[in-house]
file final-v2.cif (mmCIF, N, CA and C atoms)
data_start
#
loop_
_atom_site.group_PDB
_atom_site.id
_atom_site.type_symbol
_atom_site.label_atom_id
_atom_site.label_comp_id
_atom_site.auth_asym_id
_atom_site.auth_seq_id
_atom_site.Cartn_x
_atom_site.Cartn_y
_atom_site.Cartn_z
ATOM 1 N N PHE A 1 67.484 -10.356 -0.434
ATOM 2 C CA PHE A 1 66.945 -9.132 0.111
ATOM 3 C C PHE A 1 65.477 -9.342 0.421
ATOM 4 N N LEU A 2 64.984 -8.555 1.347
ATOM 5 C CA LEU A 2 63.571 -8.607 1.703
ATOM 6 C C LEU A 2 62.811 -7.669 0.780
ATOM 7 N N TYR A 3 61.941 -8.225 -0.041
ATOM 8 C CA TYR A 3 61.096 -7.407 -0.904
ATOM 9 C C TYR A 3 59.823 -7.100 -0.132
ATOM 10 N N ASP A 4 59.484 -5.829 -0.045
ATOM 11 C CA ASP A 4 58.298 -5.406 0.703
ATOM 12 C C ASP A 4 57.520 -4.415 -0.147
ATOM 13 N N ASN A 5 56.328 -4.817 -0.583
ATOM 14 C CA ASN A 5 55.510 -3.901 -1.366
ATOM 15 C C ASN A 5 54.377 -3.315 -0.531
ATOM 16 N N GLY A 6 54.593 -3.219 0.751
ATOM 17 C CA GLY A 6 53.621 -2.589 1.637
ATOM 18 C C GLY A 6 52.452 -3.496 1.953
ATOM 19 N N PRO A 7 51.222 -3.043 1.665
ATOM 20 C CA PRO A 7 50.049 -3.798 2.076
ATOM 21 C C PRO A 7 49.899 -5.149 1.380
ATOM 22 N N GLY A 8 50.554 -5.340 0.225
ATOM 23 C CA GLY A 8 50.433 -6.601 -0.506
ATOM 24 C C GLY A 8 51.243 -7.730 0.087
ATOM 25 N N GLY A 9 52.194 -7.415 0.925
ATOM 26 C CA GLY A 9 53.005 -8.446 1.555
ATOM 27 C C GLY A 9 54.481 -8.262 1.290
ATOM 28 N N SER A 10 55.250 -9.147 1.847
ATOM 29 C CA SER A 10 56.696 -9.113 1.667
ATOM 30 C C SER A 10 57.215 -10.544 1.619
ATOM 31 N N TRP A 11 58.372 -10.706 0.999
ATOM 32 C CA TRP A 11 59.004 -12.015 0.941
ATOM 33 C C TRP A 11 60.487 -11.832 0.663
ATOM 34 N N TRP A 12 61.232 -12.886 0.937
ATOM 35 C CA TRP A 12 62.671 -12.864 0.696
ATOM 36 C C TRP A 12 62.939 -13.245 -0.745
ATOM 37 N N SER A 13 63.838 -12.535 -1.385
ATOM 38 C CA SER A 13 64.239 -12.824 -2.754
ATOM 39 C C SER A 13 65.753 -12.988 -2.801
ATOM 40 N N ALA A 14 66.210 -13.771 -3.747
ATOM 41 C CA ALA A 14 67.645 -13.955 -3.948
ATOM 42 C C ALA A 14 67.940 -13.846 -5.437
ATOM 43 N N VAL A 15 69.119 -13.361 -5.774
ATOM 44 C CA VAL A 15 69.541 -13.226 -7.154
ATOM 45 C C VAL A 15 70.835 -13.993 -7.323
ATOM 46 N N TYR A 16 70.906 -14.772 -8.387
ATOM 47 C CA TYR A 16 72.088 -15.568 -8.657
ATOM 48 C C TYR A 16 72.584 -15.252 -10.061
ATOM 49 N N GLU A 17 73.884 -15.338 -10.244
ATOM 50 C CA GLU A 17 74.468 -15.194 -11.575
ATOM 51 C C GLU A 17 74.982 -16.558 -11.996
ATOM 52 N N VAL A 18 74.629 -16.941 -13.200
ATOM 53 C CA VAL A 18 75.045 -18.234 -13.728
ATOM 54 C C VAL A 18 75.638 -18.023 -15.111
ATOM 55 N N ARG A 19 76.723 -18.684 -15.359
ATOM 56 C CA ARG A 19 77.306 -18.674 -16.707
ATOM 57 C C ARG A 19 77.199 -20.101 -17.242
ATOM 58 N N CYS A 20 76.535 -20.216 -18.376
ATOM 59 C CA CYS A 20 76.264 -21.546 -18.927
ATOM 60 C C CYS A 20 76.505 -21.521 -20.433
ATOM 61 N N GLU A 21 77.259 -22.465 -20.921
ATOM 62 C CA GLU A 21 77.537 -22.541 -22.354
ATOM 63 C C GLU A 21 76.515 -23.406 -23.076
ATOM 64 N N LEU A 22 75.688 -24.108 -22.335
ATOM 65 C CA LEU A 22 74.666 -24.957 -22.942
ATOM 66 C C LEU A 22 73.504 -24.114 -23.438
ATOM 67 N N PRO A 23 72.732 -24.601 -24.392
ATOM 68 C CA PRO A 23 71.556 -23.849 -24.833
ATOM 69 C C PRO A 23 70.512 -23.748 -23.708
ATOM 70 N N VAL A 24 69.862 -22.608 -23.642
ATOM 71 C CA VAL A 24 68.809 -22.389 -22.646
ATOM 72 C C VAL A 24 67.476 -22.631 -23.341
ATOM 73 N N ARG A 25 66.676 -23.540 -22.790
ATOM 74 C CA ARG A 25 65.387 -23.887 -23.386
ATOM 75 C C ARG A 25 64.303 -23.895 -22.306
ATOM 76 N N PRO A 26 63.710 -22.741 -22.034
ATOM 77 C CA PRO A 26 62.632 -22.707 -21.036
ATOM 78 C C PRO A 26 61.434 -23.547 -21.483
ATOM 79 N N GLN A 27 60.675 -24.012 -20.521
ATOM 80 C CA GLN A 27 59.475 -24.782 -20.843
ATOM 81 C C GLN A 27 58.447 -23.870 -21.502
ATOM 82 N N VAL A 28 57.950 -24.263 -22.665
ATOM 83 C CA VAL A 28 57.001 -23.425 -23.401
ATOM 84 C C VAL A 28 55.706 -23.214 -22.622
ATOM 85 N N GLU A 29 55.378 -24.130 -21.714
ATOM 86 C CA GLU A 29 54.174 -23.967 -20.891
ATOM 87 C C GLU A 29 54.332 -22.847 -19.866
ATOM 88 N N GLU A 30 55.567 -22.485 -19.558
ATOM 89 C CA GLU A 30 55.817 -21.499 -18.510
ATOM 90 C C GLU A 30 56.345 -20.164 -19.028
ATOM 91 N N VAL A 31 56.960 -20.149 -20.193
ATOM 92 C CA VAL A 31 57.595 -18.936 -20.701
ATOM 93 C C VAL A 31 57.123 -18.701 -22.133
ATOM 94 N N ALA A 32 56.470 -17.552 -22.362
ATOM 95 C CA ALA A 32 55.969 -17.239 -23.702
ATOM 96 C C ALA A 32 57.092 -16.764 -24.620
ATOM 97 N N TRP A 33 58.094 -16.066 -24.060
ATOM 98 C CA TRP A 33 59.190 -15.511 -24.857
ATOM 99 C C TRP A 33 60.392 -15.333 -23.950
ATOM 100 N N HIS A 34 61.569 -15.515 -24.486
ATOM 101 C CA HIS A 34 62.778 -15.229 -23.709
ATOM 102 C C HIS A 34 63.904 -14.824 -24.653
ATOM 103 N N ALA A 35 64.818 -14.056 -24.109
ATOM 104 C CA ALA A 35 66.020 -13.657 -24.830
ATOM 105 C C ALA A 35 66.989 -13.064 -23.821
ATOM 106 N N PHE A 36 68.251 -12.991 -24.200
ATOM 107 C CA PHE A 36 69.254 -12.325 -23.396
ATOM 108 C C PHE A 36 69.513 -10.975 -24.051
ATOM 109 N N LEU A 37 69.227 -9.902 -23.333
ATOM 110 C CA LEU A 37 69.327 -8.563 -23.900
ATOM 111 C C LEU A 37 70.609 -7.875 -23.449
ATOM 112 N N PRO A 38 71.239 -7.142 -24.366
ATOM 113 C CA PRO A 38 72.371 -6.300 -23.937
ATOM 114 C C PRO A 38 71.865 -5.244 -22.954
ATOM 115 N N GLU A 39 72.751 -4.756 -22.111
ATOM 116 C CA GLU A 39 72.377 -3.799 -21.068
ATOM 117 C C GLU A 39 71.630 -2.581 -21.620
ATOM 118 N N ALA A 40 72.083 -2.041 -22.747
ATOM 119 C CA ALA A 40 71.434 -0.856 -23.328
ATOM 120 C C ALA A 40 70.006 -1.165 -23.776
ATOM 121 N N GLU A 41 69.804 -2.336 -24.351
ATOM 122 C CA GLU A 41 68.453 -2.724 -24.796
ATOM 123 C C GLU A 41 67.536 -2.938 -23.596
ATOM 124 N N LEU A 42 68.057 -3.550 -22.552
ATOM 125 C CA LEU A 42 67.268 -3.742 -21.337
ATOM 126 C C LEU A 42 66.858 -2.397 -20.746
ATOM 127 N N ALA A 43 67.788 -1.463 -20.677
ATOM 128 C CA ALA A 43 67.478 -0.133 -20.147
ATOM 129 C C ALA A 43 66.397 0.547 -20.981
ATOM 130 N N ARG A 44 66.432 0.354 -22.293
ATOM 131 C CA ARG A 44 65.421 0.943 -23.168
ATOM 132 C C ARG A 44 64.045 0.323 -22.941
ATOM 133 N N ARG A 45 64.006 -0.969 -22.624
ATOM 134 C CA ARG A 45 62.738 -1.691 -22.447
ATOM 135 C C ARG A 45 62.112 -1.514 -21.059
ATOM 136 N N LEU A 46 62.895 -1.082 -20.092
ATOM 137 C CA LEU A 46 62.371 -0.967 -18.720
ATOM 138 C C LEU A 46 61.064 -0.174 -18.640
ATOM 139 N N PRO A 47 60.950 1.001 -19.249
ATOM 140 C CA PRO A 47 59.685 1.731 -19.134
ATOM 141 C C PRO A 47 58.582 1.203 -20.057
ATOM 142 N N GLU A 48 58.929 0.370 -21.036
ATOM 143 C CA GLU A 48 57.950 -0.103 -22.010
ATOM 144 C C GLU A 48 57.261 -1.396 -21.608
ATOM 145 N N TRP A 49 57.987 -2.307 -20.995
ATOM 146 C CA TRP A 49 57.459 -3.630 -20.703
ATOM 147 C C TRP A 49 56.950 -3.714 -19.271
ATOM 148 N N GLU A 50 56.077 -4.671 -19.044
ATOM 149 C CA GLU A 50 55.582 -4.938 -17.693
ATOM 150 C C GLU A 50 56.556 -5.906 -17.009
ATOM 151 N N TRP A 51 56.909 -5.594 -15.766
ATOM 152 C CA TRP A 51 57.887 -6.403 -15.022
ATOM 153 C C TRP A 51 57.260 -6.879 -13.721
ATOM 154 N N VAL A 52 57.688 -8.035 -13.244
ATOM 155 C CA VAL A 52 57.256 -8.453 -11.911
ATOM 156 C C VAL A 52 57.957 -7.530 -10.914
ATOM 157 N N PRO A 53 57.241 -7.067 -9.885
ATOM 158 C CA PRO A 53 57.811 -6.033 -9.017
ATOM 159 C C PRO A 53 59.088 -6.452 -8.291
ATOM 160 N N ASP A 54 59.172 -7.685 -7.816
ATOM 161 C CA ASP A 54 60.393 -8.072 -7.107
ATOM 162 C C ASP A 54 61.554 -8.263 -8.084
ATOM 163 N N GLY A 55 61.277 -8.660 -9.317
ATOM 164 C CA GLY A 55 62.328 -8.773 -10.315
ATOM 165 C C GLY A 55 62.902 -7.419 -10.675
ATOM 166 N N LEU A 56 62.033 -6.432 -10.823
ATOM 167 C CA LEU A 56 62.488 -5.072 -11.107
ATOM 168 C C LEU A 56 63.287 -4.513 -9.928
ATOM 169 N N ALA A 57 62.830 -4.775 -8.716
ATOM 170 C CA ALA A 57 63.561 -4.317 -7.526
ATOM 171 C C ALA A 57 64.943 -4.967 -7.465
ATOM 172 N N ALA A 58 65.023 -6.249 -7.810
ATOM 173 C CA ALA A 58 66.318 -6.936 -7.799
ATOM 174 C C ALA A 58 67.253 -6.322 -8.834
ATOM 175 N N TYR A 59 66.743 -6.023 -10.020
ATOM 176 C CA TYR A 59 67.570 -5.410 -11.058
ATOM 177 C C TYR A 59 68.051 -4.027 -10.632
ATOM 178 N N GLU A 60 67.179 -3.235 -10.028
ATOM 179 C CA GLU A 60 67.580 -1.905 -9.555
ATOM 180 C C GLU A 60 68.662 -1.997 -8.483
ATOM 181 N N ARG A 61 68.547 -2.960 -7.589
ATOM 182 C CA ARG A 61 69.574 -3.147 -6.559
ATOM 183 C C ARG A 61 70.897 -3.569 -7.181
ATOM 184 N N LEU A 62 70.830 -4.428 -8.193
ATOM 185 C CA LEU A 62 72.044 -4.857 -8.876
ATOM 186 C C LEU A 62 72.740 -3.665 -9.521
ATOM 187 N N ARG A 63 71.979 -2.815 -10.204
ATOM 188 C CA ARG A 63 72.564 -1.626 -10.848
ATOM 189 C C ARG A 63 73.189 -0.692 -9.825
ATOM 190 N N GLU A 64 72.573 -0.545 -8.664
ATOM 191 C CA GLU A 64 73.124 0.324 -7.613
ATOM 192 C C GLU A 64 74.467 -0.188 -7.102
ATOM 193 N N ARG A 65 74.666 -1.489 -7.110
ATOM 194 C CA ARG A 65 75.871 -2.072 -6.520
ATOM 195 C C ARG A 65 76.985 -2.275 -7.543
ATOM 196 N N ARG A 66 76.683 -2.172 -8.823
ATOM 197 C CA ARG A 66 77.719 -2.340 -9.844
ATOM 198 C C ARG A 66 78.653 -1.144 -9.855
ATOM 199 N N PRO A 67 79.931 -1.398 -10.069
ATOM 200 C CA PRO A 67 80.858 -0.263 -10.198
ATOM 201 C C PRO A 67 80.531 0.520 -11.477
ATOM 202 N N THR A 68 80.663 1.821 -11.415
ATOM 203 C CA THR A 68 80.425 2.665 -12.577
ATOM 204 C C THR A 68 81.631 2.603 -13.495
ATOM 205 N N VAL A 69 81.380 2.368 -14.762
ATOM 206 C CA VAL A 69 82.493 2.250 -15.729
ATOM 207 C C VAL A 69 82.556 3.510 -16.557
#
call {"tool": "encode", "arguments": {"input": "final-v2.cif", "output": "structure tokens"}}
result
Amino acid sequence: FLYDNGPGGSWWSAVYEVRCELPVRPQVEEVAWHAFLPEAELARRLPEWEWVPDGLAAYERLRERRPTV
């Protein structure tokens, strides 16, 4: 999708889903903290944590396209 934040610029973003059974080990020089959060915990953290704008936009688009259960 084209992410456009107005006067700051725009760029193309893509979202991929990956399923991996191997351990995930981000580079400590690039990632201060990581975890996989359940959907309810992520929803609770959305207003509390700072997010990169295109990442938040991608998550919102994903939620809009998911079937309602």
call {"tool": "resolve_selection", "arguments": {"input": "final-v2.cif", "expression": "the PyMOL selection byres (((chain A and resi 58 and name CA) around 9) and name CA)", "output": "PyMOL selection string"}}
result
chain A and resi 1+3+13-15+53-57+59-63
call {"tool": "select_by_dssp", "arguments": {"input": "final-v2.cif", "residues": "chain A", "states": "helix (DSSP H, G or I)", "output": "list in words"}}
result
Gly6, Pro7, Gly8, Glu39, Ala40, Glu41, Leu42, Ala43, Arg44, Arg45, Pro53, Asp54, Gly55, Leu56, Ala57, Ala58, Tyr59, Glu60, Arg61, Leu62, Arg63, Glu64 and Arg65 of chain A
call {"tool": "atom_distance", "arguments": {"input": "final-v2.cif", "atom1": "atom N of Trp33 in chain A", "atom2": "CA of Cys20 in chain A"}}
result
19.7 Å
call {"tool": "atom_distance", "arguments": {"input": "final-v2.cif", "atom1": "atom N of Ala40 in chain A", "atom2": "atom C of Trp12 in chain A"}}
result
26.3 Å
call {"tool": "atom_distance", "arguments": {"input": "final-v2.cif", "atom1": "atom C of Asn5 in chain A", "atom2": "atom C of Val52 in chain A"}}
result
11.8 Å
call {"tool": "select_by_dssp", "arguments": {"input": "final-v2.cif", "residues": "chain A", "states": "strand (DSSP E or B)", "output": "CSV table (one decimal) with N, CA and C atoms, in the coordinates of the input"}}
result
chain,number,residue,atom,x,y,z
A,2,LEU,N,65.0,-8.6,1.3
A,2,LEU,CA,63.6,-8.6,1.7
A,2,LEU,C,62.8,-7.7,0.8
A,3,TYR,N,61.9,-8.2,0.0
A,3,TYR,CA,61.1,-7.4,-0.9
A,3,TYR,C,59.8,-7.1,-0.1
A,4,ASP,N,59.5,-5.8,0.0
A,4,ASP,CA,58.3,-5.4,0.7
A,4,ASP,C,57.5,-4.4,-0.1
A,10,SER,N,55.2,-9.1,1.8
A,10,SER,CA,56.7,-9.1,1.7
A,10,SER,C,57.2,-10.5,1.6
A,11,TRP,N,58.4,-10.7,1.0
A,11,TRP,CA,59.0,-12.0,0.9
A,11,TRP,C,60.5,-11.8,0.7
A,12,TRP,N,61.2,-12.9,0.9
A,12,TRP,CA,62.7,-12.9,0.7
A,12,TRP,C,62.9,-13.2,-0.7
call {"tool": "decode", "arguments": {"input": "final-v2.cif", "residues": "range 36-47 of chain A", "atoms": "all heavy atoms", "output": "mmCIF file, in the first residue's frame"}}
result
data_model
loop_
_atom_site.group_PDB
_atom_site.id
_atom_site.type_symbol
_atom_site.label_atom_id
_atom_site.label_comp_id
_atom_site.auth_asym_id
_atom_site.auth_seq_id
_atom_site.Cartn_x
_atom_site.Cartn_y
_atom_site.Cartn_z
ATOM 1 N N PHE A 36 6.209 -11.464 20.920
ATOM 2 C CA PHE A 36 5.012 -11.713 20.144
ATOM 3 C C PHE A 36 3.835 -11.573 21.099
ATOM 4 O O PHE A 36 3.748 -12.301 22.087
ATOM 5 C CB PHE A 36 5.062 -13.097 19.491
ATOM 6 C CG PHE A 36 6.173 -13.217 18.491
ATOM 7 C CD1 PHE A 36 7.391 -13.778 18.838
ATOM 8 C CD2 PHE A 36 6.008 -12.732 17.209
ATOM 9 C CE1 PHE A 36 8.424 -13.866 17.918
ATOM 10 C CE2 PHE A 36 7.040 -12.808 16.283
ATOM 11 C CZ PHE A 36 8.249 -13.381 16.646
ATOM 12 N N LEU A 37 2.967 -10.612 20.833
ATOM 13 C CA LEU A 37 1.866 -10.313 21.741
ATOM 14 C C LEU A 37 0.561 -10.910 21.231
ATOM 15 O O LEU A 37 0.276 -10.853 20.030
ATOM 16 C CB LEU A 37 1.681 -8.796 21.865
ATOM 17 C CG LEU A 37 2.886 -8.005 22.363
ATOM 18 C CD1 LEU A 37 2.572 -6.520 22.333
ATOM 19 C CD2 LEU A 37 3.276 -8.438 23.753
ATOM 20 N N PRO A 38 -0.245 -11.438 22.150
ATOM 21 C CA PRO A 38 -1.601 -11.852 21.743
ATOM 22 C C PRO A 38 -2.381 -10.622 21.279
ATOM 23 O O PRO A 38 -2.088 -9.494 21.683
ATOM 24 C CB PRO A 38 -2.210 -12.425 23.026
ATOM 25 C CG PRO A 38 -1.066 -12.629 23.962
ATOM 26 C CD PRO A 38 0.026 -11.719 23.543
ATOM 27 N N GLU A 39 -3.373 -10.839 20.441
ATOM 28 C CA GLU A 39 -4.146 -9.739 19.862
ATOM 29 C C GLU A 39 -4.713 -8.789 20.920
ATOM 30 O O GLU A 39 -4.651 -7.570 20.777
ATOM 31 C CB GLU A 39 -5.282 -10.309 19.006
ATOM 32 C CG GLU A 39 -5.978 -9.285 18.155
ATOM 33 C CD GLU A 39 -5.193 -8.877 16.922
ATOM 34 O OE1 GLU A 39 -4.346 -9.655 16.462
ATOM 35 O OE2 GLU A 39 -5.432 -7.765 16.435
ATOM 36 N N ALA A 40 -5.234 -9.330 22.016
ATOM 37 C CA ALA A 40 -5.819 -8.486 23.069
ATOM 38 C C ALA A 40 -4.760 -7.602 23.728
ATOM 39 O O ALA A 40 -5.003 -6.430 24.019
ATOM 40 C CB ALA A 40 -6.511 -9.354 24.116
ATOM 41 N N GLU A 41 -3.580 -8.152 23.948
ATOM 42 C CA GLU A 41 -2.494 -7.365 24.560
ATOM 43 C C GLU A 41 -2.023 -6.272 23.608
ATOM 44 O O GLU A 41 -1.768 -5.142 24.012
ATOM 45 C CB GLU A 41 -1.334 -8.291 24.930
ATOM 46 C CG GLU A 41 -0.122 -7.587 25.492
ATOM 47 C CD GLU A 41 -0.319 -7.028 26.883
ATOM 48 O OE1 GLU A 41 -1.361 -7.291 27.520
ATOM 49 O OE2 GLU A 41 0.572 -6.309 27.358
ATOM 50 N N LEU A 42 -1.926 -6.595 22.334
ATOM 51 C CA LEU A 42 -1.541 -5.593 21.344
ATOM 52 C C LEU A 42 -2.557 -4.456 21.307
ATOM 53 O O LEU A 42 -2.188 -3.284 21.318
ATOM 54 C CB LEU A 42 -1.405 -6.234 19.961
ATOM 55 C CG LEU A 42 -1.038 -5.307 18.817
ATOM 56 C CD1 LEU A 42 0.301 -4.610 19.074
ATOM 57 C CD2 LEU A 42 -0.999 -6.064 17.521
ATOM 58 N N ALA A 43 -3.833 -4.792 21.308
ATOM 59 C CA ALA A 43 -4.879 -3.766 21.299
ATOM 60 C C ALA A 43 -4.777 -2.875 22.534
ATOM 61 O O ALA A 43 -4.971 -1.658 22.452
ATOM 62 C CB ALA A 43 -6.254 -4.426 21.232
ATOM 63 N N ARG A 44 -4.437 -3.458 23.676
ATOM 64 C CA ARG A 44 -4.289 -2.680 24.904
ATOM 65 C C ARG A 44 -3.094 -1.733 24.832
ATOM 66 O O ARG A 44 -3.117 -0.628 25.358
ATOM 67 C CB ARG A 44 -4.132 -3.639 26.088
ATOM 68 C CG ARG A 44 -4.148 -2.949 27.429
ATOM 69 C CD ARG A 44 -4.135 -3.965 28.562
ATOM 70 N NE ARG A 44 -2.844 -4.583 28.790
ATOM 71 C CZ ARG A 44 -1.836 -3.993 29.433
ATOM 72 N NH1 ARG A 44 -1.954 -2.773 29.894
ATOM 73 N NH2 ARG A 44 -0.706 -4.635 29.617
ATOM 74 N N ARG A 45 -2.027 -2.151 24.154
ATOM 75 C CA ARG A 45 -0.794 -1.355 24.072
ATOM 76 C C ARG A 45 -0.830 -0.265 22.996
ATOM 77 O O ARG A 45 -0.020 0.659 23.025
ATOM 78 C CB ARG A 45 0.405 -2.258 23.798
ATOM 79 C CG ARG A 45 0.656 -3.295 24.861
ATOM 80 C CD ARG A 45 1.086 -2.653 26.134
ATOM 81 N NE ARG A 45 1.440 -3.672 27.102
ATOM 82 C CZ ARG A 45 2.090 -3.433 28.205
ATOM 83 N NH1 ARG A 45 2.457 -2.204 28.499
ATOM 84 N NH2 ARG A 45 2.364 -4.401 29.037
ATOM 85 N N LEU A 46 -1.740 -0.376 22.050
ATOM 86 C CA LEU A 46 -1.773 0.597 20.945
ATOM 87 C C LEU A 46 -1.787 2.051 21.426
ATOM 88 O O LEU A 46 -1.000 2.858 20.926
ATOM 89 C CB LEU A 46 -2.951 0.325 20.012
ATOM 90 C CG LEU A 46 -2.759 -0.837 19.048
ATOM 91 C CD1 LEU A 46 -4.047 -1.096 18.293
ATOM 92 C CD2 LEU A 46 -1.622 -0.590 18.090
ATOM 93 N N PRO A 47 -2.632 2.439 22.373
ATOM 94 C CA PRO A 47 -2.620 3.843 22.792
ATOM 95 C C PRO A 47 -1.472 4.194 23.744
ATOM 96 O O PRO A 47 -1.180 5.370 23.944
ATOM 97 C CB PRO A 47 -3.967 4.024 23.496
ATOM 98 C CG PRO A 47 -4.388 2.669 23.904
ATOM 99 C CD PRO A 47 -3.748 1.702 22.950
#
